Amino acid sequence: MTTSTPPHVTWAQADARRMRRQFLDEPAEVPPAAVAAAMLGAHAQVLSAAELSVALRTTEGTRSDVRAALWQDRALTKTYGPRGTVHLLPSADLPMWTGALSAIPAGASGQPPHVRMTSAQTDEVLAAIADALTGTELTVDELTDAIVARTGPWAGDRVMDAFQDKWPRWRQITHLAAHRGVLAFGRDRGRKVTYTNPGVRPQAGPRALGELVDRYLRAYGPASPAHFAKWLAAPAGWATELFDSLAGAGRVEEVSFDGAAAWVAAGDTDFPDERPGRGVRLLPYFDAFGIAFQPRPRLFAGRAAERALAGGQAGNFPVLLVDGTVEGVWHQRRSGRRIAVTVEPLRTLAPARLRELAAQAERVATVLEGRAELTVGPVAVGPHA
């Protein structure tokens, strides 16, 4: 029996395809939800950064378009996504996301024994959350009262240590409630967060996981099970078993990626021959491209790893991309309509690159509905926590 040699994919080819599929080589005339789908979610712990991530990948979109997709059209949902962090996810994809995230093995509870809830209590609180949030938006305090009214005072006991405060017991399953499809973010009420019930029925775990792996590999492949596990904050051994099962079913196939074994979605072996998309791009805090990109040392090469990563973690600095690699950091500060954009390149930019940078700064300001003032020089702001 002969065994065929896996196709070989270079880093430059993978970088070019990833940029193209996430609209970073050329912005596209697509709605915000399509962009979020291509990125596999926009990290939204800092909502303004998520708005910028999404709108910059469109030809003319602004933050208002992203907000309209989120709060008016409901094409986007703000909820807890991969790694338990807040994301903007396409509402149409929530059955897949909730099914997949619910199927990831849960680690041991980090709460002390006297704080934890039993399986029966967890189910009771999940049912209470689903009922209380249906058709309405509640603040944390309002939701706590509603849960206690449906379960008992034990759910509201302020026993969880959190930010020099004590949170009610039920809040330890906030992420779980989102992953079960009964909790998502509503509109902020002043400075207070609200939650609502998105009314999602999660897909069956195996089906959802297979679809998520397929989408992940199409967006960020070639990739290894370890890369997938890191992106999800999931157990590495579990991810290896998942990939093995999908390989056995013919859902994924092996390639040689820059000299190492990696995987792509079955049949998805076409890669560009050209180098990564040429041009200058400004990516905001926690942009999905930098967070999910592996192997990370290829994107953050040399000095970029020292300047643009925080303890090896991507996303804590907005980054300057030049021809598909990180070549600096940047920061923006708003004052009225004035958007002061400061960019710190790691090497001297040629005049043509500076013109591209000026155009990118203008695009950032347009997305933020302001006017740009570009400064090329040191960025004094440290990493975002």
# chains A, B, ... in the order shown; residues from 1 in each chain; ligands from 1
>>> closest_atom_pairs(of="segment 140-247 of chain A", to="segment 295-314 of chain A", cutoff="10 Å", atoms="only C-alpha atoms", output="Markdown table")
| residue | atom | partner | partner_atom | distance |
| --- | --- | --- | --- | --- |
| A:Pro222 | CA | A:Pro295 | CA | 9.9 |
| A:Ala223 | CA | A:Pro295 | CA | 8.5 |
| A:Ser224 | CA | A:Pro295 | CA | 9.7 |
| A:His227 | CA | A:Pro295 | CA | 8.1 |
>>> select_by_dssp(residues="segment 142-184 of chain A", states="alpha helix (DSSP H)", output="list in words")
Glu142, Leu143, Thr144, Asp145, Ala146, Ile147, Val148, Ala149, Arg150, Thr151, Thr174, His175, Leu176, Ala177, Ala178 and His179 of chain A
>>> residues_around(residues="segment 45-49 of chain A", least_positions_apart="3", cutoff="10 Å", atoms="only C-alpha atoms", output="VMD selection string")
chain A and resid 42 52 to 55 63 66 to 67 78 to 80 85 to 88 283 to 287 318 368 384
>>> atom_distance(atom1="atom CA of Trp97 of chain A", atom2="atom CA of Pro31 of chain A")
19.6 Å
>>> residues_around(residues="Gly107 of chain A", least_positions_apart="3", cutoff="10 Å", atoms="only C-alpha atoms", output="PyMOL selection string")
chain A and resi 104+110+234-235
>>> write_last_selection(atoms="all heavy atoms", output="PDB file, in the first residue's frame")
ATOM      1  N   ILE A 104     -17.383  21.290  25.298  1.00  0.00           N
ATOM      2  CA  ILE A 104     -15.985  21.285  25.732  1.00  0.00           C
ATOM      3  C   ILE A 104     -15.917  20.786  27.168  1.00  0.00           C
ATOM      4  O   ILE A 104     -16.678  21.257  28.029  1.00  0.00           O
ATOM      5  CB  ILE A 104     -15.377  22.701  25.635  1.00  0.00           C
ATOM      6  CG1 ILE A 104     -15.379  23.175  24.186  1.00  0.00           C
ATOM      7  CG2 ILE A 104     -13.950  22.717  26.180  1.00  0.00           C
ATOM      8  CD1 ILE A 104     -14.989  24.628  24.033  1.00  0.00           C
ATOM      9  N   GLY A 110     -13.118  26.306  40.156  1.00  0.00           N
ATOM     10  CA  GLY A 110     -12.132  27.100  40.881  1.00  0.00           C
ATOM     11  C   GLY A 110     -12.675  27.685  42.169  1.00  0.00           C
ATOM     12  O   GLY A 110     -11.964  28.403  42.872  1.00  0.00           O
ATOM     13  N   ALA A 234      -9.198  24.999  25.722  1.00  0.00           N
ATOM     14  CA  ALA A 234      -9.735  23.653  25.956  1.00  0.00           C
ATOM     15  C   ALA A 234      -8.588  22.680  26.217  1.00  0.00           C
ATOM     16  O   ALA A 234      -7.430  22.976  25.891  1.00  0.00           O
ATOM     17  CB  ALA A 234     -10.546  23.198  24.745  1.00  0.00           C
ATOM     18  N   PRO A 235      -8.858  21.514  26.781  1.00  0.00           N
ATOM     19  CA  PRO A 235      -7.799  20.529  27.036  1.00  0.00           C
ATOM     20  C   PRO A 235      -7.154  20.053  25.731  1.00  0.00           C
ATOM     21  O   PRO A 235      -7.849  19.712  24.765  1.00  0.00           O
ATOM     22  CB  PRO A 235      -8.526  19.388  27.736  1.00  0.00           C
ATOM     23  CG  PRO A 235      -9.776  19.995  28.295  1.00  0.00           C
ATOM     24  CD  PRO A 235     -10.165  21.070  27.330  1.00  0.00           C
TER      25      PRO A 235
END
>>> residues_around(residues="segment 138-143 of chain A", least_positions_apart="6", cutoff="12 Å", atoms="only C-alpha atoms", output="PDB file with N, CA, C and O atoms, in the first residue's frame")
ATOM      1  N   VAL A 125     -30.912  26.870  38.548  1.00  0.00           N
ATOM      2  CA  VAL A 125     -30.568  28.254  38.240  1.00  0.00           C
ATOM      3  C   VAL A 125     -30.640  28.507  36.737  1.00  0.00           C
ATOM      4  O   VAL A 125     -31.118  29.567  36.288  1.00  0.00           O
ATOM      5  N   LEU A 126     -30.175  27.565  35.918  1.00  0.00           N
ATOM      6  CA  LEU A 126     -30.270  27.733  34.472  1.00  0.00           C
ATOM      7  C   LEU A 126     -31.716  27.908  34.033  1.00  0.00           C
ATOM      8  O   LEU A 126     -32.030  28.769  33.194  1.00  0.00           O
ATOM      9  N   ALA A 128     -34.127  29.057  35.891  1.00  0.00           N
ATOM     10  CA  ALA A 128     -34.578  30.352  36.406  1.00  0.00           C
ATOM     11  C   ALA A 128     -34.078  31.489  35.524  1.00  0.00           C
ATOM     12  O   ALA A 128     -34.826  32.448  35.256  1.00  0.00           O
ATOM     13  N   ILE A 129     -32.834  31.410  35.082  1.00  0.00           N
ATOM     14  CA  ILE A 129     -32.281  32.440  34.201  1.00  0.00           C
ATOM     15  C   ILE A 129     -33.075  32.489  32.898  1.00  0.00           C
ATOM     16  O   ILE A 129     -33.456  33.569  32.422  1.00  0.00           O
ATOM     17  N   ALA A 130     -33.310  31.311  32.319  1.00  0.00           N
ATOM     18  CA  ALA A 130     -34.044  31.262  31.054  1.00  0.00           C
ATOM     19  C   ALA A 130     -35.423  31.903  31.196  1.00  0.00           C
ATOM     20  O   ALA A 130     -35.852  32.692  30.338  1.00  0.00           O
ATOM     21  N   ASP A 131     -36.104  31.597  32.268  1.00  0.00           N
ATOM     22  CA  ASP A 131     -37.452  32.128  32.477  1.00  0.00           C
ATOM     23  C   ASP A 131     -37.431  33.624  32.748  1.00  0.00           C
ATOM     24  O   ASP A 131     -38.212  34.391  32.173  1.00  0.00           O
ATOM     25  N   ALA A 132     -36.504  34.048  33.613  1.00  0.00           N
ATOM     26  CA  ALA A 132     -36.478  35.458  34.021  1.00  0.00           C
ATOM     27  C   ALA A 132     -36.089  36.390  32.888  1.00  0.00           C
ATOM     28  O   ALA A 132     -36.553  37.539  32.827  1.00  0.00           O
ATOM     29  N   ALA A 149     -36.094  34.533  43.598  1.00  0.00           N
ATOM     30  CA  ALA A 149     -37.545  34.340  43.699  1.00  0.00           C
ATOM     31  C   ALA A 149     -37.972  32.999  43.124  1.00  0.00           C
ATOM     32  O   ALA A 149     -38.985  32.422  43.550  1.00  0.00           O
ATOM     33  N   ARG A 150     -37.208  32.473  42.161  1.00  0.00           N
ATOM     34  CA  ARG A 150     -37.566  31.216  41.503  1.00  0.00           C
ATOM     35  C   ARG A 150     -36.874  30.001  42.115  1.00  0.00           C
ATOM     36  O   ARG A 150     -37.269  28.854  41.840  1.00  0.00           O
ATOM     37  N   ALA A 155     -29.258  30.840  46.201  1.00  0.00           N
ATOM     38  CA  ALA A 155     -28.687  31.247  44.911  1.00  0.00           C
ATOM     39  C   ALA A 155     -28.135  32.666  44.962  1.00  0.00           C
ATOM     40  O   ALA A 155     -27.228  33.014  44.201  1.00  0.00           O
ATOM     41  N   GLY A 156     -28.680  33.482  45.867  1.00  0.00           N
ATOM     42  CA  GLY A 156     -28.234  34.869  45.968  1.00  0.00           C
ATOM     43  C   GLY A 156     -27.226  35.123  47.058  1.00  0.00           C
ATOM     44  O   GLY A 156     -26.813  36.283  47.254  1.00  0.00           O
ATOM     45  N   ARG A 158     -24.106  35.983  48.884  1.00  0.00           N
ATOM     46  CA  ARG A 158     -22.931  36.692  48.368  1.00  0.00           C
ATOM     47  C   ARG A 158     -21.673  36.013  48.931  1.00  0.00           C
ATOM     48  O   ARG A 158     -21.127  36.432  49.955  1.00  0.00           O
ATOM     49  N   TRP A 167     -19.832  38.352  45.145  1.00  0.00           N
ATOM     50  CA  TRP A 167     -20.909  38.183  44.180  1.00  0.00           C
ATOM     51  C   TRP A 167     -21.851  37.086  44.651  1.00  0.00           C
ATOM     52  O   TRP A 167     -21.453  36.177  45.383  1.00  0.00           O
ATOM     53  N   PRO A 168     -23.113  37.133  44.196  1.00  0.00           N
ATOM     54  CA  PRO A 168     -24.052  36.069  44.554  1.00  0.00           C
ATOM     55  C   PRO A 168     -23.629  34.724  43.952  1.00  0.00           C
ATOM     56  O   PRO A 168     -23.023  34.666  42.885  1.00  0.00           O
ATOM     57  N   TRP A 170     -24.991  32.369  42.286  1.00  0.00           N
ATOM     58  CA  TRP A 170     -25.396  31.951  40.944  1.00  0.00           C
ATOM     59  C   TRP A 170     -24.447  32.431  39.863  1.00  0.00           C
ATOM     60  O   TRP A 170     -24.361  31.811  38.784  1.00  0.00           O
ATOM     61  N   ARG A 171     -23.695  33.505  40.103  1.00  0.00           N
ATOM     62  CA  ARG A 171     -22.901  34.114  39.038  1.00  0.00           C
ATOM     63  C   ARG A 171     -21.739  33.235  38.584  1.00  0.00           C
ATOM     64  O   ARG A 171     -21.141  33.501  37.531  1.00  0.00           O
ATOM     65  N   THR A 174     -22.469  32.027  35.010  1.00  0.00           N
ATOM     66  CA  THR A 174     -22.860  32.995  33.985  1.00  0.00           C
ATOM     67  C   THR A 174     -22.418  32.519  32.604  1.00  0.00           C
ATOM     68  O   THR A 174     -23.200  32.530  31.641  1.00  0.00           O
ATOM     69  N   LEU A 183     -28.631  32.948  27.984  1.00  0.00           N
ATOM     70  CA  LEU A 183     -28.174  34.262  28.456  1.00  0.00           C
ATOM     71  C   LEU A 183     -27.274  34.884  27.409  1.00  0.00           C
ATOM     72  O   LEU A 183     -26.396  34.221  26.848  1.00  0.00           O
ATOM     73  N   ALA A 184     -27.492  36.163  27.157  1.00  0.00           N
ATOM     74  CA  ALA A 184     -26.624  36.987  26.320  1.00  0.00           C
ATOM     75  C   ALA A 184     -26.734  38.411  26.850  1.00  0.00           C
ATOM     76  O   ALA A 184     -27.575  38.704  27.708  1.00  0.00           O
ATOM     77  N   PHE A 185     -25.912  39.290  26.327  1.00  0.00           N
ATOM     78  CA  PHE A 185     -25.938  40.676  26.787  1.00  0.00           C
ATOM     79  C   PHE A 185     -27.066  41.440  26.112  1.00  0.00           C
ATOM     80  O   PHE A 185     -27.334  41.278  24.915  1.00  0.00           O
ATOM     81  N   GLY A 186     -27.727  42.286  26.900  1.00  0.00           N
ATOM     82  CA  GLY A 186     -28.661  43.250  26.361  1.00  0.00           C
ATOM     83  C   GLY A 186     -27.969  44.606  26.256  1.00  0.00           C
ATOM     84  O   GLY A 186     -26.764  44.729  26.450  1.00  0.00           O
ATOM     85  N   ARG A 187     -28.752  45.620  25.956  1.00  0.00           N
ATOM     86  CA  ARG A 187     -28.190  46.981  25.901  1.00  0.00           C
ATOM     87  C   ARG A 187     -27.780  47.423  27.299  1.00  0.00           C
ATOM     88  O   ARG A 187     -28.466  47.115  28.285  1.00  0.00           O
ATOM     89  N   ASP A 188     -26.676  48.158  27.379  1.00  0.00           N
ATOM     90  CA  ASP A 188     -26.300  48.751  28.654  1.00  0.00           C
ATOM     91  C   ASP A 188     -27.382  49.736  29.091  1.00  0.00           C
ATOM     92  O   ASP A 188     -27.948  50.458  28.264  1.00  0.00           O
ATOM     93  N   ARG A 189     -27.652  49.748  30.375  1.00  0.00           N
ATOM     94  CA  ARG A 189     -28.598  50.703  30.939  1.00  0.00           C
ATOM     95  C   ARG A 189     -27.786  51.713  31.733  1.00  0.00           C
ATOM     96  O   ARG A 189     -27.457  51.508  32.895  1.00  0.00           O
ATOM     97  N   GLY A 190     -27.436  52.799  31.056  1.00  0.00           N
ATOM     98  CA  GLY A 190     -26.485  53.730  31.664  1.00  0.00           C
ATOM     99  C   GLY A 190     -25.131  53.047  31.748  1.00  0.00           C
ATOM    100  O   GLY A 190     -24.578  52.588  30.737  1.00  0.00           O
ATOM    101  N   ARG A 191     -24.600  52.912  32.960  1.00  0.00           N
ATOM    102  CA  ARG A 191     -23.322  52.237  33.153  1.00  0.00           C
ATOM    103  C   ARG A 191     -23.499  50.800  33.615  1.00  0.00           C
ATOM    104  O   ARG A 191     -22.539  50.133  33.972  1.00  0.00           O
ATOM    105  N   LYS A 192     -24.729  50.330  33.613  1.00  0.00           N
ATOM    106  CA  LYS A 192     -25.008  48.983  34.080  1.00  0.00           C
ATOM    107  C   LYS A 192     -25.204  48.023  32.906  1.00  0.00           C
ATOM    108  O   LYS A 192     -25.903  48.331  31.939  1.00  0.00           O
ATOM    109  N   VAL A 193     -24.599  46.852  33.027  1.00  0.00           N
ATOM    110  CA  VAL A 193     -24.767  45.787  32.051  1.00  0.00           C
ATOM    111  C   VAL A 193     -26.147  45.162  32.228  1.00  0.00           C
ATOM    112  O   VAL A 193     -26.658  45.064  33.346  1.00  0.00           O
ATOM    113  N   THR A 194     -26.771  44.755  31.134  1.00  0.00           N
ATOM    114  CA  THR A 194     -28.005  43.976  31.221  1.00  0.00           C
ATOM    115  C   THR A 194     -27.823  42.666  30.463  1.00  0.00           C
ATOM    116  O   THR A 194     -26.952  42.537  29.605  1.00  0.00           O
ATOM    117  N   TYR A 195     -28.681  41.708  30.824  1.00  0.00           N
ATOM    118  CA  TYR A 195     -28.694  40.404  30.157  1.00  0.00           C
ATOM    119  C   TYR A 195     -30.095  40.135  29.610  1.00  0.00           C
ATOM    120  O   TYR A 195     -31.096  40.663  30.107  1.00  0.00           O
ATOM    121  N   THR A 196     -30.140  39.282  28.589  1.00  0.00           N
ATOM    122  CA  THR A 196     -31.411  38.848  28.018  1.00  0.00           C
ATOM    123  C   THR A 196     -31.287  37.385  27.612  1.00  0.00           C
ATOM    124  O   THR A 196     -30.189  36.820  27.611  1.00  0.00           O
ATOM    125  N   ASN A 197     -32.411  36.767  27.277  1.00  0.00           N
ATOM    126  CA  ASN A 197     -32.421  35.386  26.809  1.00  0.00           C
ATOM    127  C   ASN A 197     -32.491  35.394  25.285  1.00  0.00           C
ATOM    128  O   ASN A 197     -33.498  35.812  24.717  1.00  0.00           O
TER     129      ASN A 197
END
>>> closest_residue(among="A:Glu51, A:Glu26, A:Asp123, A:Glu211", to="Val367 of chain A", atoms="only C-alpha atoms")
A:Glu51
>>> select_by_dssp(residues="segment 92-312 of chain A", states="strand (DSSP E)", output="PyMOL selection string")
chain A and resi 138-139+158-162+165-168+184-185+194-196+252-257+260-265+280-283
>>> residues_around(residues="Val376 of chain A", least_positions_apart="6", cutoff="6 Å", atoms="only C-alpha atoms", output="list in words")
Thr342, Val343 and Glu344 of chain A
>>> residues_around(residues="Trp330 of chain A", least_positions_apart="3", cutoff="12 Å", atoms="only C-alpha atoms", output="JSON list (two decimals) with N, CA, C and O atoms, in the first residue's frame")
[["chain", "number", "residue", "atom", "x", "y", "z"],
["A", 281, "ARG", "N", -2.05, 47.73, 7.52],
["A", 281, "ARG", "CA", -3.31, 47.60, 8.22],
["A", 281, "ARG", "C", -3.12, 47.94, 9.70],
["A", 281, "ARG", "O", -2.09, 47.60, 10.28],
["A", 282, "LEU", "N", -4.12, 48.58, 10.29],
["A", 282, "LEU", "CA", -4.14, 48.86, 11.71],
["A", 282, "LEU", "C", -5.21, 47.98, 12.35],
["A", 282, "LEU", "O", -6.39, 48.11, 12.03],
["A", 283, "LEU", "N", -4.81, 47.08, 13.24],
["A", 283, "LEU", "CA", -5.74, 46.20, 13.92],
["A", 283, "LEU", "C", -5.88, 46.63, 15.38],
["A", 283, "LEU", "O", -4.87, 46.87, 16.04],
["A", 284, "PRO", "N", -7.09, 46.70, 15.89],
["A", 284, "PRO", "CA", -7.32, 47.22, 17.25],
["A", 284, "PRO", "C", -7.01, 46.18, 18.32],
["A", 284, "PRO", "O", -6.59, 45.05, 18.04],
["A", 285, "TYR", "N", -7.23, 46.57, 19.56],
["A", 285, "TYR", "CA", -7.09, 45.64, 20.69],
["A", 285, "TYR", "C", -7.84, 44.35, 20.41],
["A", 285, "TYR", "O", -8.97, 44.36, 19.91],
["A", 307, "ARG", "N", 7.73, 43.92, 21.58],
["A", 307, "ARG", "CA", 7.00, 45.18, 21.66],
["A", 307, "ARG", "C", 5.48, 45.01, 21.63],
["A", 307, "ARG", "O", 4.74, 45.79, 22.25],
["A", 308, "ALA", "N", 5.00, 43.99, 20.90],
["A", 308, "ALA", "CA", 3.57, 43.90, 20.64],
["A", 308, "ALA", "C", 2.87, 42.76, 21.37],
["A", 308, "ALA", "O", 1.65, 42.62, 21.25],
["A", 316, "ASN", "N", -3.20, 42.46, 23.52],
["A", 316, "ASN", "CA", -3.14, 43.52, 24.52],
["A", 316, "ASN", "C", -2.65, 44.85, 23.95],
["A", 316, "ASN", "O", -2.78, 45.89, 24.58],
["A", 317, "PHE", "N", -2.05, 44.80, 22.77],
["A", 317, "PHE", "CA", -1.66, 46.01, 22.05],
["A", 317, "PHE", "C", -2.36, 46.02, 20.69],
["A", 317, "PHE", "O", -2.41, 45.00, 20.01],
["A", 318, "PRO", "N", -2.89, 47.18, 20.25],
["A", 318, "PRO", "CA", -3.26, 47.30, 18.84],
["A", 318, "PRO", "C", -1.98, 47.20, 18.00],
["A", 318, "PRO", "O", -0.93, 47.69, 18.41],
["A", 319, "VAL", "N", -2.07, 46.54, 16.84],
["A", 319, "VAL", "CA", -0.86, 46.28, 16.08],
["A", 319, "VAL", "C", -0.93, 46.87, 14.68],
["A", 319, "VAL", "O", -2.00, 47.02, 14.08],
["A", 320, "LEU", "N", 0.26, 47.18, 14.16],
["A", 320, "LEU", "CA", 0.46, 47.61, 12.78],
["A", 320, "LEU", "C", 0.90, 46.40, 11.98],
["A", 320, "LEU", "O", 1.92, 45.77, 12.30],
["A", 321, "LEU", "N", 0.13, 46.04, 10.94],
["A", 321, "LEU", "CA", 0.52, 44.97, 10.02],
["A", 321, "LEU", "C", 1.10, 45.59, 8.77],
["A", 321, "LEU", "O", 0.52, 46.52, 8.19],
["A", 326, "VAL", "N", 3.39, 41.61, 11.86],
["A", 326, "VAL", "CA", 3.33, 42.71, 12.81],
["A", 326, "VAL", "C", 4.62, 43.51, 12.74],
["A", 326, "VAL", "O", 5.72, 42.96, 12.90],
["A", 327, "GLU", "N", 4.47, 44.80, 12.49],
["A", 327, "GLU", "CA", 5.64, 45.68, 12.34],
["A", 327, "GLU", "C", 5.55, 46.90, 13.24],
["A", 327, "GLU", "O", 6.22, 47.90, 13.00],
["A", 333, "ARG", "N", -6.70, 58.00, 20.52],
["A", 333, "ARG", "CA", -7.36, 58.72, 21.62],
["A", 333, "ARG", "C", -8.35, 59.71, 21.00],
["A", 333, "ARG", "O", -8.00, 60.47, 20.09],
["A", 340, "ALA", "N", -6.94, 61.14, 17.56],
["A", 340, "ALA", "CA", -5.47, 61.21, 17.51],
["A", 340, "ALA", "C", -4.92, 59.79, 17.41],
["A", 340, "ALA", "O", -5.06, 58.99, 18.33],
["A", 341, "VAL", "N", -4.32, 59.46, 16.27],
["A", 341, "VAL", "CA", -3.78, 58.13, 16.00],
["A", 341, "VAL", "C", -2.26, 58.22, 16.05],
["A", 341, "VAL", "O", -1.65, 58.93, 15.25],
["A", 342, "THR", "N", -1.66, 57.52, 17.01],
["A", 342, "THR", "CA", -0.20, 57.47, 17.12],
["A", 342, "THR", "C", 0.28, 56.07, 16.76],
["A", 342, "THR", "O", -0.19, 55.09, 17.33],
["A", 343, "VAL", "N", 1.21, 55.99, 15.81],
["A", 343, "VAL", "CA", 1.71, 54.71, 15.32],
["A", 343, "VAL", "C", 3.22, 54.65, 15.54],
["A", 343, "VAL", "O", 3.94, 55.58, 15.17],
["A", 344, "GLU", "N", 3.65, 53.55, 16.15],
["A", 344, "GLU", "CA", 5.07, 53.33, 16.42],
["A", 344, "GLU", "C", 5.57, 52.16, 15.57],
["A", 344, "GLU", "O", 5.45, 51.00, 15.97],
["A", 345, "PRO", "N", 6.13, 52.44, 14.37],
["A", 345, "PRO", "CA", 6.66, 51.35, 13.56],
["A", 345, "PRO", "C", 7.97, 50.83, 14.17],
["A", 345, "PRO", "O", 8.69, 51.56, 14.86],
["A", 346, "LEU", "N", 8.24, 49.55, 13.91],
["A", 346, "LEU", "CA", 9.48, 48.96, 14.41],
["A", 346, "LEU", "C", 10.64, 49.18, 13.45],
["A", 346, "LEU", "O", 11.79, 48.87, 13.78],
["A", 357, "LEU", "N", -0.27, 54.30, 5.46],
["A", 357, "LEU", "CA", -0.57, 54.43, 6.88],
["A", 357, "LEU", "C", -1.53, 55.59, 7.12],
["A", 357, "LEU", "O", -2.47, 55.48, 7.92],
["A", 360, "GLN", "N", -4.92, 54.48, 6.25],
["A", 360, "GLN", "CA", -5.47, 53.60, 7.28],
["A", 360, "GLN", "C", -5.95, 54.40, 8.49],
["A", 360, "GLN", "O", -7.00, 54.12, 9.06],
["A", 361, "ALA", "N", -5.17, 55.41, 8.89],
["A", 361, "ALA", "CA", -5.58, 56.25, 10.01],
["A", 361, "ALA", "C", -6.89, 56.97, 9.69],
["A", 361, "ALA", "O", -7.78, 57.09, 10.54],
["A", 364, "VAL", "N", -9.67, 54.44, 10.06],
["A", 364, "VAL", "CA", -10.00, 54.24, 11.47],
["A", 364, "VAL", "C", -10.90, 55.36, 11.97],
["A", 364, "VAL", "O", -11.92, 55.12, 12.63],
["A", 374, "LEU", "N", -2.76, 62.00, 12.50],
["A", 374, "LEU", "CA", -1.78, 60.94, 12.58],
["A", 374, "LEU", "C", -0.44, 61.46, 13.09],
["A", 374, "LEU", "O", 0.06, 62.49, 12.61],
["A", 375, "THR", "N", 0.13, 60.75, 14.04],
["A", 375, "THR", "CA", 1.49, 60.99, 14.52],
["A", 375, "THR", "C", 2.26, 59.68, 14.40],
["A", 375, "THR", "O", 1.79, 58.64, 14.85],
["A", 376, "VAL", "N", 3.44, 59.74, 13.80],
["A", 376, "VAL", "CA", 4.32, 58.57, 13.74],
["A", 376, "VAL", "C", 5.41, 58.79, 14.78],
["A", 376, "VAL", "O", 6.23, 59.70, 14.66],
["A", 377, "GLY", "N", 5.38, 57.98, 15.81],
["A", 377, "GLY", "CA", 6.33, 58.13, 16.91],
["A", 377, "GLY", "C", 6.04, 57.15, 18.01],
["A", 377, "GLY", "O", 5.16, 56.27, 17.87],
["A", 378, "PRO", "N", 6.74, 57.26, 19.14],
["A", 378, "PRO", "CA", 6.57, 56.30, 20.23],
["A", 378, "PRO", "C", 5.15, 56.28, 20.79],
["A", 378, "PRO", "O", 4.51, 57.32, 20.91],
["A", 379, "VAL", "N", 4.69, 55.10, 21.14],
["A", 379, "VAL", "CA", 3.42, 54.91, 21.84],
["A", 379, "VAL", "C", 3.71, 54.69, 23.31],
["A", 379, "VAL", "O", 4.39, 53.72, 23.67],
["A", 380, "ALA", "N", 3.25, 55.60, 24.15],
["A", 380, "ALA", "CA", 3.58, 55.53, 25.57],
["A", 380, "ALA", "C", 2.59, 54.68, 26.36],
["A", 380, "ALA", "O", 2.86, 54.33, 27.51],
["A", 381, "VAL", "N", 1.46, 54.34, 25.76],
["A", 381, "VAL", "CA", 0.42, 53.59, 26.49],
["A", 381, "VAL", "C", 0.83, 52.13, 26.60],
["A", 381, "VAL", "O", 1.30, 51.52, 25.64],
["A", 382, "GLY", "N", 0.67, 51.57, 27.79],
["A", 382, "GLY", "CA", 1.03, 50.18, 28.03],
["A", 382, "GLY", "C", -0.04, 49.23, 27.54],
["A", 382, "GLY", "O", -1.06, 49.64, 26.97],
["A", 383, "PRO", "N", 0.14, 47.92, 27.77],
["A", 383, "PRO", "CA", -0.82, 46.93, 27.30],
["A", 383, "PRO", "C", -2.12, 47.01, 28.05],
["A", 383, "PRO", "O", -2.17, 47.38, 29.21]]
>>> atom_distance(atom1="atom CA of Leu70 of chain A", atom2="atom CA of Asp93 of chain A")
13.9 Å
>>> closest_residue(among="A:Ile147, A:Val255, A:Leu209, A:Leu176", to="Leu242 of chain A", atoms="only C-alpha atoms")
A:Leu209
>>> decode(residues="segment 65-76 of chain A", atoms="N, CA and C atoms", output="CSV table (one decimal), in the first residue's frame")
chain,number,residue,atom,x,y,z
A,65,ASP,N,-22.9,51.0,11.9
A,65,ASP,CA,-23.4,49.9,11.2
A,65,ASP,C,-23.3,48.6,12.1
A,66,VAL,N,-22.2,48.5,12.9
A,66,VAL,CA,-22.0,47.4,13.8
A,66,VAL,C,-23.0,47.4,14.9
A,67,ARG,N,-23.3,48.6,15.4
A,67,ARG,CA,-24.2,48.8,16.5
A,67,ARG,C,-25.6,48.5,16.0
A,68,ALA,N,-25.9,48.9,14.8
A,68,ALA,CA,-27.3,48.6,14.2
A,68,ALA,C,-27.4,47.0,14.0
A,69,ALA,N,-26.4,46.4,13.6
A,69,ALA,CA,-26.5,44.9,13.4
A,69,ALA,C,-26.6,44.2,14.8
A,70,LEU,N,-26.1,44.8,15.8
A,70,LEU,CA,-26.2,44.3,17.2
A,70,LEU,C,-27.5,44.5,17.9
A,71,TRP,N,-27.9,45.8,17.9
A,71,TRP,CA,-29.1,46.2,18.7
A,71,TRP,C,-30.4,46.4,17.9
A,72,GLN,N,-30.3,46.6,16.6
A,72,GLN,CA,-31.5,46.8,15.8
A,72,GLN,C,-31.9,45.6,15.0
A,73,ASP,N,-31.0,45.2,14.1
A,73,ASP,CA,-31.2,44.0,13.3
A,73,ASP,C,-31.1,42.7,14.0
A,74,ARG,N,-30.3,42.7,15.1
A,74,ARG,CA,-30.1,41.5,15.9
A,74,ARG,C,-29.4,40.5,15.1
A,75,ALA,N,-28.6,40.9,14.0
A,75,ALA,CA,-27.8,40.0,13.3
A,75,ALA,C,-26.6,39.5,14.0
A,76,LEU,N,-26.2,40.3,15.0
A,76,LEU,CA,-25.0,40.0,15.9
A,76,LEU,C,-25.6,39.9,17.3
